[in-house]
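Everything below belongs to input15.cif, which stores mmCIF, C-alpha atoms.
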```cif
data_target
#
loop_
_atom_site.label_atom_id
_atom_site.label_comp_id
_atom_site.auth_asym_id
_atom_site.auth_seq_id
_atom_site.Cartn_x
_atom_site.Cartn_y
_atom_site.Cartn_z
CA MET J 1 -38.46 80.50 144.55
CA ARG J 2 -37.60 78.20 141.65
CA PRO J 3 -37.79 74.59 142.88
CA LEU J 4 -38.42 72.94 139.51
CA ALA J 5 -35.92 75.20 137.77
CA SER J 6 -33.26 74.05 140.26
CA LEU J 7 -33.89 70.44 139.27
CA LEU J 8 -33.59 71.39 135.62
CA LEU J 9 -30.25 73.06 136.25
CA ALA J 10 -28.96 69.94 137.91
CA ALA J 11 -29.91 67.92 134.85
CA LEU J 12 -28.24 70.42 132.56
CA LEU J 13 -24.89 70.66 134.33
CA PRO J 14 -23.07 68.53 131.73
CA LEU J 15 -24.33 70.84 128.98
CA ILE J 16 -23.76 74.31 130.37
CA ASN J 17 -20.94 76.12 132.11
CA LEU J 18 -21.89 77.47 135.50
CA ALA J 19 -18.35 78.09 136.72
CA GLU J 20 -18.69 81.86 136.58
CA ALA J 21 -22.38 82.06 137.47
CA ASP J 22 -23.49 84.29 140.32
CA PRO J 23 -27.24 83.92 140.97
CA ALA J 24 -27.39 87.45 142.35
CA LYS J 25 -26.13 88.81 139.04
CA THR J 26 -28.22 86.83 136.58
CA LEU J 27 -31.29 87.87 134.70
CA ARG J 28 -33.96 85.33 133.73
CA ILE J 29 -35.81 85.94 130.45
CA ALA J 30 -38.77 83.69 129.69
CA SER J 31 -41.30 83.12 126.93
CA PHE J 32 -44.57 81.28 127.46
CA ASN J 33 -47.56 80.70 125.22
CA THR J 34 -50.13 80.39 127.98
CA GLU J 35 -53.05 79.46 125.68
CA LEU J 36 -55.27 81.42 128.06
CA SER J 37 -57.25 83.03 125.23
CA ARG J 38 -61.01 82.73 125.58
CA LYS J 39 -63.89 82.58 123.08
CA GLY J 40 -65.08 86.14 123.59
CA PRO J 41 -64.00 89.54 124.90
CA GLY J 42 -63.98 89.93 128.68
CA LEU J 43 -64.15 86.21 129.41
CA LEU J 44 -60.50 85.93 130.42
CA LEU J 45 -60.90 88.80 132.89
CA ARG J 46 -64.01 87.12 134.27
CA ASP J 47 -62.18 83.83 134.81
CA LEU J 48 -59.16 85.54 136.37
CA GLN J 49 -61.38 87.39 138.83
CA ARG J 50 -63.44 84.34 139.80
CA GLY J 51 -60.34 82.45 140.87
CA LYS J 52 -61.85 79.02 140.18
CA ASP J 53 -60.41 78.13 136.77
CA PRO J 54 -58.01 75.14 136.94
CA GLN J 55 -56.19 76.19 133.78
CA ILE J 56 -55.41 79.62 135.20
CA ALA J 57 -54.23 78.03 138.45
CA ALA J 58 -51.86 75.73 136.56
CA ILE J 59 -50.52 78.59 134.43
CA LEU J 60 -49.92 80.67 137.56
CA GLN J 61 -48.00 77.75 139.07
CA THR J 62 -45.82 77.48 135.97
CA LEU J 63 -45.06 81.20 136.06
CA THR J 64 -44.28 80.93 139.76
CA GLU J 65 -41.81 78.11 139.16
CA ALA J 66 -40.10 80.07 136.44
CA ASP J 67 -39.82 83.25 138.55
CA ALA J 68 -38.54 85.13 135.51
CA ASP J 69 -37.36 88.73 135.69
CA VAL J 70 -38.70 89.53 132.22
CA LEU J 71 -41.62 87.46 131.01
CA VAL J 72 -43.01 87.56 127.46
CA LEU J 73 -46.46 86.00 127.26
CA GLN J 74 -48.45 84.86 124.25
CA GLY J 75 -51.99 83.53 124.05
CA ILE J 76 -53.41 86.15 126.42
CA ASP J 77 -56.38 88.27 125.35
CA TRP J 78 -55.80 92.03 125.12
CA ASP J 79 -58.35 94.58 126.26
CA TYR J 80 -58.38 98.36 125.93
CA GLU J 81 -57.83 99.09 129.62
CA GLY J 82 -55.34 96.28 130.22
CA ARG J 83 -57.51 94.86 132.98
CA SER J 84 -56.84 91.19 132.24
CA LEU J 85 -53.08 91.67 132.30
CA ALA J 86 -53.28 93.74 135.49
CA GLU J 87 -55.37 91.02 137.15
CA LEU J 88 -52.88 88.35 136.12
CA ARG J 89 -50.06 90.43 137.58
CA ASN J 90 -51.99 90.86 140.83
CA LEU J 91 -52.51 87.12 141.13
CA LEU J 92 -48.82 86.48 140.54
CA ALA J 93 -47.87 89.09 143.15
CA LYS J 94 -49.40 86.82 145.80
CA ARG J 95 -46.84 84.14 144.92
CA ILE J 96 -43.57 85.74 143.77
CA PRO J 97 -41.97 89.22 143.75
CA SER J 98 -44.23 91.56 141.84
CA TYR J 99 -43.78 92.69 138.25
CA GLY J 100 -43.73 96.45 138.55
CA HIS J 101 -43.76 97.10 134.83
CA ILE J 102 -46.06 95.80 132.10
CA TYR J 103 -46.44 96.36 128.38
CA ALA J 104 -49.18 95.21 126.01
CA ALA J 105 -49.90 96.98 122.74
CA ARG J 106 -53.01 96.21 120.73
CA PRO J 107 -52.28 93.10 118.64
CA ASN J 108 -53.22 92.63 115.01
CA THR J 109 -55.37 89.63 115.93
CA GLY J 110 -59.05 90.36 115.46
CA MET J 111 -58.38 93.75 113.84
CA GLN J 112 -60.81 93.73 110.92
CA THR J 113 -59.57 94.96 107.54
CA GLY J 114 -62.77 95.33 105.50
CA HIS J 115 -61.27 93.02 102.87
CA ASP J 116 -61.62 89.35 102.03
CA MET J 117 -58.15 88.40 103.24
CA ASP J 118 -58.34 84.64 102.71
CA GLY J 119 -60.16 84.61 99.37
CA ASP J 120 -63.21 82.67 100.53
CA GLY J 121 -65.67 85.23 99.16
CA ARG J 122 -66.89 86.35 102.59
CA LEU J 123 -66.19 89.45 104.67
CA GLY J 124 -65.85 89.99 108.41
CA THR J 125 -64.74 86.51 109.43
CA ALA J 126 -61.90 85.76 111.85
CA ARG J 127 -59.61 85.15 108.86
CA ASP J 128 -60.36 88.59 107.43
CA ALA J 129 -58.65 90.33 110.34
CA GLN J 130 -55.03 91.45 110.18
CA GLY J 131 -54.29 88.41 112.31
CA TYR J 132 -56.72 85.54 112.90
CA GLY J 133 -59.16 86.49 115.64
CA ARG J 134 -62.87 86.36 116.36
CA PHE J 135 -62.63 89.56 118.40
CA THR J 136 -60.23 92.45 118.90
CA GLY J 137 -57.24 91.38 120.94
CA GLN J 138 -57.80 87.63 120.92
CA ASP J 139 -54.55 85.71 121.44
CA GLY J 140 -52.48 88.81 122.15
CA MET J 141 -49.04 89.28 123.71
CA ALA J 142 -47.82 90.95 126.89
CA ILE J 143 -44.61 91.64 128.79
CA LEU J 144 -44.26 91.53 132.57
CA SER J 145 -40.98 92.93 133.86
CA ARG J 146 -39.29 93.61 137.17
CA LEU J 147 -36.93 95.92 135.32
CA PRO J 148 -38.18 99.35 134.24
CA ILE J 149 -39.57 99.43 130.70
CA LEU J 150 -38.34 102.42 128.71
CA ARG J 151 -41.75 103.11 127.20
CA ASP J 152 -40.67 106.20 125.28
CA ASP J 153 -38.15 104.08 123.38
CA VAL J 154 -40.47 101.18 122.50
CA ARG J 155 -40.79 100.44 118.77
CA ASP J 156 -43.96 98.68 117.68
CA LEU J 157 -43.41 97.25 114.20
CA SER J 158 -46.84 95.61 114.08
CA ALA J 159 -48.27 98.10 111.56
CA LEU J 160 -45.59 97.31 108.96
CA LEU J 161 -47.28 96.23 105.73
CA TRP J 162 -46.16 92.84 104.50
CA GLN J 163 -45.35 94.26 101.06
CA ASP J 164 -43.06 96.86 102.68
CA LEU J 165 -40.72 94.32 104.26
CA PRO J 166 -37.54 94.32 102.17
CA GLY J 167 -37.35 91.07 100.24
CA ALA J 168 -40.92 90.04 101.08
CA THR J 169 -42.28 86.94 99.36
CA LEU J 170 -45.98 87.60 98.75
CA PRO J 171 -48.67 85.02 97.89
CA THR J 172 -50.04 84.86 94.34
CA HIS J 173 -52.66 83.07 92.30
CA PRO J 174 -51.40 80.53 89.74
CA ASP J 175 -51.42 83.29 87.09
CA GLY J 176 -49.10 85.42 89.21
CA THR J 177 -51.65 88.01 90.33
CA PRO J 178 -51.72 89.00 94.03
CA PHE J 179 -53.57 86.66 96.38
CA PRO J 180 -56.35 87.10 97.34
CA SER J 181 -56.55 90.48 95.59
CA ARG J 182 -54.34 93.47 94.99
CA ASP J 183 -56.33 95.64 97.43
CA ALA J 184 -56.34 93.01 100.17
CA LEU J 185 -52.63 92.36 99.90
CA ALA J 186 -51.92 96.09 99.90
CA ALA J 187 -53.72 96.36 103.25
CA GLN J 188 -52.13 93.26 104.82
CA ARG J 189 -49.84 93.85 107.78
CA LEU J 190 -46.95 91.45 108.20
CA SER J 191 -47.34 90.75 111.92
CA THR J 192 -50.02 88.24 112.81
CA THR J 193 -49.92 89.28 116.46
CA GLY J 194 -47.11 91.79 116.80
CA HIS J 195 -43.41 92.58 116.58
CA TRP J 196 -42.13 94.77 119.42
CA VAL J 197 -38.74 96.17 120.38
CA VAL J 198 -39.12 96.87 124.10
CA PRO J 199 -36.07 98.18 125.99
CA VAL J 200 -35.78 97.38 129.69
CA LEU J 201 -33.29 99.09 131.99
CA LEU J 202 -30.61 96.84 133.45
CA PRO J 203 -29.20 97.55 136.94
CA SER J 204 -26.05 98.83 135.22
CA GLY J 205 -28.10 101.59 133.60
CA GLU J 206 -27.71 99.97 130.18
CA PRO J 207 -30.82 99.08 128.16
CA LEU J 208 -31.58 95.53 127.06
CA SER J 209 -33.90 95.36 124.06
CA VAL J 210 -36.53 92.60 124.18
CA LEU J 211 -37.55 91.70 120.60
CA ALA J 212 -40.94 90.07 121.16
CA PHE J 213 -43.21 88.39 118.61
CA GLN J 214 -45.72 85.66 117.86
CA ALA J 215 -45.93 84.40 114.26
CA THR J 216 -48.77 82.70 112.41
CA PRO J 217 -48.85 78.91 112.06
CA PRO J 218 -47.70 78.02 108.51
CA LEU J 219 -50.91 76.04 107.98
CA PHE J 220 -54.64 76.45 107.28
CA ASP J 221 -54.30 77.92 103.78
CA GLY J 222 -54.28 76.73 100.16
CA PRO J 223 -51.76 76.17 97.38
CA GLU J 224 -50.84 79.86 97.49
CA ASP J 225 -49.18 79.10 100.88
CA ARG J 226 -50.24 82.45 102.30
CA ASN J 227 -49.62 81.47 105.92
CA GLY J 228 -46.39 79.65 105.15
CA LEU J 229 -44.97 82.67 103.34
CA ARG J 230 -46.16 85.03 106.04
CA ASN J 231 -44.67 82.90 108.80
CA GLN J 232 -41.36 82.90 106.92
CA ASP J 233 -41.28 86.69 106.63
CA GLU J 234 -42.43 87.23 110.24
CA ILE J 235 -39.36 85.31 111.38
CA ARG J 236 -37.09 86.97 108.83
CA LEU J 237 -38.18 90.44 110.00
CA TRP J 238 -35.69 90.25 112.85
CA GLN J 239 -32.74 89.76 110.52
CA VAL J 240 -33.97 92.56 108.27
CA LEU J 241 -34.17 94.80 111.35
CA LEU J 242 -30.68 93.83 112.50
CA ASP J 243 -29.39 94.49 108.96
CA GLY J 244 -30.71 98.07 109.19
CA GLY J 245 -33.52 97.49 106.67
CA LEU J 246 -36.24 98.84 108.97
CA GLY J 247 -34.65 101.94 110.41
CA PRO J 248 -32.43 102.06 113.50
CA THR J 249 -31.04 98.71 114.59
CA PRO J 250 -31.39 97.65 118.23
CA ALA J 251 -28.19 98.33 120.12
CA ASP J 252 -26.52 95.42 121.88
CA PRO J 253 -27.47 93.76 124.09
CA TRP J 254 -30.79 92.39 122.83
CA VAL J 255 -32.75 89.15 122.98
CA ILE J 256 -35.36 87.72 120.60
CA VAL J 257 -38.25 86.23 122.59
CA GLY J 258 -41.45 84.60 121.43
CA GLY J 259 -43.22 82.08 119.26
CA ALA J 260 -42.09 81.35 115.71
CA ASN J 261 -44.58 78.50 115.20
CA LEU J 262 -41.82 76.80 113.22
CA ASP J 263 -39.40 73.98 113.97
CA PRO J 264 -36.06 73.99 112.10
CA ASP J 265 -36.07 70.22 111.55
CA LYS J 266 -39.63 68.90 111.26
CA GLY J 267 -43.23 69.76 110.55
CA ALA J 268 -44.92 71.97 107.99
CA GLY J 269 -43.69 75.37 106.93
CA ARG J 270 -40.62 76.91 105.37
CA ARG J 271 -38.20 75.60 107.95
CA ALA J 272 -35.20 77.35 106.43
CA ALA J 273 -36.52 80.62 107.89
CA ILE J 274 -36.03 79.58 111.52
CA ALA J 275 -32.90 77.57 110.70
CA ASP J 276 -31.34 80.68 109.15
CA LEU J 277 -32.24 82.76 112.19
CA LEU J 278 -30.76 80.20 114.60
CA ARG J 279 -27.52 80.21 112.58
CA ASP J 280 -27.24 83.99 112.50
CA PRO J 281 -23.80 84.81 113.99
CA ARG J 282 -25.21 87.87 115.79
CA LEU J 283 -27.19 85.71 118.21
CA GLN J 284 -26.74 82.51 120.17
CA ASP J 285 -29.07 79.56 120.59
CA PRO J 286 -28.97 78.11 124.13
CA ARG J 287 -31.09 75.12 122.98
CA PRO J 288 -32.95 74.82 126.31
CA ARG J 289 -33.93 71.32 127.40
CA ASP J 290 -36.44 69.89 129.81
CA SER J 291 -35.59 67.46 132.60
CA ALA J 292 -35.68 64.58 130.10
CA GLY J 293 -33.21 66.32 127.80
CA HIS J 294 -35.74 67.22 125.09
CA THR J 295 -35.65 70.54 123.22
CA ASP J 296 -39.24 70.43 121.93
CA THR J 297 -41.37 73.26 123.32
CA VAL J 298 -44.87 72.22 122.23
CA ASN J 299 -46.89 69.06 121.76
CA TRP J 300 -49.89 69.57 119.50
CA GLY J 301 -50.88 65.91 119.66
CA THR J 302 -51.29 64.45 116.16
CA SER J 303 -48.36 66.44 114.72
CA GLY J 304 -46.13 65.44 117.63
CA PRO J 305 -43.68 67.48 119.70
CA MET J 306 -41.83 70.37 118.04
CA ARG J 307 -39.57 73.24 118.93
CA VAL J 308 -41.41 76.48 118.13
CA ASP J 309 -40.78 78.83 121.11
CA TYR J 310 -37.48 80.66 121.51
CA VAL J 311 -35.30 82.87 123.71
CA LEU J 312 -32.29 83.91 121.60
CA PRO J 313 -29.81 86.35 123.18
CA SER J 314 -27.34 88.44 121.22
CA GLN J 315 -23.68 87.46 121.29
CA ALA J 316 -22.98 90.37 123.65
CA LEU J 317 -24.71 88.45 126.46
CA GLN J 318 -23.34 85.52 128.44
CA VAL J 319 -25.75 82.61 128.77
CA VAL J 320 -25.56 81.03 132.21
CA ALA J 321 -28.31 78.42 131.97
CA SER J 322 -31.54 77.60 130.15
CA GLY J 323 -34.43 75.18 130.38
CA LEU J 324 -38.09 74.34 129.86
CA ILE J 325 -40.97 74.04 132.32
CA TRP J 326 -44.03 72.07 131.25
CA PRO J 327 -47.33 73.12 132.84
CA ALA J 328 -49.36 70.61 134.82
CA ASN J 329 -52.34 68.70 133.48
CA ILE J 330 -55.81 69.88 134.42
CA PRO J 331 -59.10 67.95 134.56
CA ALA J 332 -60.88 67.96 131.22
CA LYS J 333 -64.57 68.69 130.90
CA ASP J 334 -67.33 66.31 129.77
CA GLY J 335 -65.50 63.15 130.79
CA ASP J 336 -62.57 63.58 128.39
CA ALA J 337 -58.99 62.80 129.39
CA ASP J 338 -56.97 65.30 131.39
CA ARG J 339 -55.11 67.83 129.28
CA PRO J 340 -52.15 70.16 129.84
CA ALA J 341 -52.93 73.70 130.94
CA SER J 342 -51.00 74.77 127.84
CA ARG J 343 -49.59 72.60 125.10
CA HIS J 344 -46.49 74.81 125.21
CA ALA J 345 -43.61 74.70 127.66
CA LEU J 346 -42.30 77.85 129.28
CA VAL J 347 -38.83 78.58 127.85
CA TRP J 348 -36.31 80.33 130.09
CA THR J 349 -32.74 81.51 129.79
CA ASP J 350 -30.50 82.97 132.51
CA LEU J 351 -28.12 85.71 131.38
CA GLN J 352 -25.17 87.23 133.17
CA ILE J 353 -25.97 90.87 133.85
CA PRO J 354 -23.39 93.11 132.15
#
```
Could the structure of this file be written out as structure tokens, please?
Amino acid sequence: MRPLASLLLAALLPLINLAEADPAKTLRIASFNTELSRKGPGLLLRDLQRGKDPQIAAILQTLTEADADVLVLQGIDWDYEGRSLAELRNLLAKRIPSYGHIYAARPNTGMQTGHDMDGDGRLGTARDAQGYGRFTGQDGMAILSRLPILRDDVRDLSALLWQDLPGATLPTHPDGTPFPSRDALAAQRLSTTGHWVVPVLLPSGEPLSVLAFQATPPLFDGPEDRNGLRNQDEIRLWQVLLDGGLGPTPADPWVIVGGANLDPDKGAGRRAAIADLLRDPRLQDPRPRDSAGHTDTVNWGTSGPMRVDYVLPSQALQVVASGLIWPANIPAKDGDADRPASRHALVWTDLQIP
């Protein structure tokens, strides 16, 4: 079921140890920013149901090639009844074994605050939401799982106020006053999209906690560096959680999965945040590579390729293999050049089941 993944494994043999691997006893965790978000509510569901959209077809092919057991998606619009996610699952079920369990909480994207959150003097814009969004649920997250999701044990940290994160670094005006205002900052949630702790039940009966997130790009702000600081603290949240600073810590085993929008070595942003996380001795970094040996997971064009998407298992788990799958190009509209179905690669990691 994983033809491209098999080729990737062959390319990675010098870099990973497969001596003890048993395919029947491995679990594949994947993260993929699908970039399926549309310009208005209901449009993604419409396109999924029509079955004629080349981008959706290419994304479905990428997900089919990955054939992950637990799949964390970003860039997928949320709706109140979960109809878009259910339709995506139904389409996938025609290709690969079905995902019997799904999870998608309301994201912070598009959730209006009633405050001028970016200091531009206007209210009700996409930047005045808890997370950038022109409508509720734009660019949300979702989890598809073949393993049972322990819904009663899910922790959604998305409502955590930024100022309540221990050690938070908050944006200020040059005179040191809160940016954009004291009231706005007091209402600002930390999570741009969401931070979830979602336990899934392993065949052994032991839970595996999936720590899912999607952080803001550290760009599109002013000298106050609001988005850069927020991105830094969104990434750092996981270490604060593991330190016990946000209540109960996730029990081993766990895996951090999602989009940090930050490369440890290049590009804008406070790169020390992701570098510190990757060096944390409680987790391991498989450094997945594509068939050409590259570790970059996105290509935004002018800013070049970067590594911004991650699957980071705890030290209690044995990594068997890892890799990247780039989605196919699709025909562009209006005579432009073809473009990738998503600028992001799907990131996958195979873990030995305890």
Problem - Selection near Gly110 in chain J, 8 Å with only C-alpha atoms, sequence-local residues under 6 positions removed, as an MDAnalysis selection string - result: chainID J and resid 126 129:138
Problem - Best match for closeness to Pro97 in chain J among J:Gln74, J:Thr169, J:Ser145, J:Gly124, counting all atoms listed in the file - result: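 Of J:Gln74, J:Thr169, J:Ser145, J:Gly124, the one nearest Pro97 in chain J, counting all atoms listed in the file, is J:Ser145.
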Give me the residues of range 108-194 of chain J that have any atom at most 12 Å from an atom of range 241-265 of chain J; for each, the nearest atom pair and the distance in Å, rounded to one decimal. Use all atoms listed in the file, sort by chain and number, and format it as CSV.
```
residue,atom,partner,partner_atom,distance
J:Gly140,CA,J:Gly259,CA,11.8
J:Met141,CA,J:Gly258,CA,9.2
J:Ala142,CA,J:Gly258,CA,10.5
J:Ile143,CA,J:Val257,CA,10.4
J:Asp153,CA,J:Pro250,CA,10.7
J:Val154,CA,J:Pro250,CA,10.6
J:Arg155,CA,J:Pro250,CA,9.8
J:Asp156,CA,J:Leu246,CA,11.6
J:Leu157,CA,J:Leu246,CA,9.0
J:Leu160,CA,J:Leu246,CA,9.5
J:Leu161,CA,J:Leu246,CA,11.8
J:Asp164,CA,J:Leu246,CA,9.5
J:Leu165,CA,J:Leu246,CA,7.9
J:Pro166,CA,J:Gly245,CA,6.8
J:Gly167,CA,J:Gly245,CA,9.9
J:Ala168,CA,J:Gly245,CA,11.9
J:Ser191,CA,J:Ala260,CA,11.4
J:Thr192,CA,J:Ala260,CA,10.9
J:Thr193,CA,J:Gly259,CA,10.2
J:Gly194,CA,J:Gly258,CA,10.3
```
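Across the structure, CA of Leu92 in chain J and CA of Leu60 in chain J are spaced 6.6 Å apart.
Atom pair CA of Asp118 in chain J / CA of Lys39 in chain J: separated by 21.2 Å.
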Exercise for the section: Check the smallest atom-to-atom distance from each of J:Ser342, J:Gln188, J:Gln318, J:Thr125 to Trp300 in chain J using only C-alpha atoms, then report the winner. Expected result: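 Using only C-alpha atoms, Trp300 in chain J sits closest to J:Ser342.
The nearest approach to Asp139 in chain J among the residues J:Arg236, J:His195, J:Arg38, J:Lys52, with all atoms listed in the file taken into account, belongs to J:Arg38.
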Practice task
Convert the output of the PyMOL selection byres ((chain J and resi 172) around 12) on the shown file into explicit residues, formatted as a list in words.
Solution key: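 Matching residues under the PyMOL selection byres ((chain J and resi 172) around 12) are Asp118, Gly119, Thr169, Leu170, Pro171, His173, Pro174, Asp175, Gly176, Thr177, Pro178, Phe179, Pro180, Ser181, Arg182, Ala184, Leu185, Gly222, Pro223, Glu224, Asp225, Arg226 and Leu229 of chain J.
The space between CA of Ala105 in chain J and CA of Val311 in chain J spans 20.3 Å.
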Handout entry: Expansion of the PyMOL selection byres ((chain J and resi 73) around 12) into residues, as an NGL selection string
Key = :J and (29-37 or 59 or 63 or 68 or 70-72 or 74-78 or 85 or 88-89 or 102-104 or 139-145 or 193-194 or 212-214 or 257-259 or 309-310 or 344-348)
Problem - Who sits within 8 Å of Asp128 in chain J, only C-alpha atoms, same chain under 5 positions skipped, as a PyMOL selection string - result: chain J and resi 112-118+123
Exercise for the section: Using all atoms listed in the file, find the one residue out of J:Val200, J:Leu324, J:Leu277, J:Met306 that sits nearest to Ser291 in chain J. Expected result: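 Closest candidate: J:Leu324.
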Completion exercise
Nearest to Lys266 in chain J, restricted to only C-alpha atoms and choosing among J:Thr297, J:Arg307, J:Leu283, J:Val210, comes out as J:Arg307
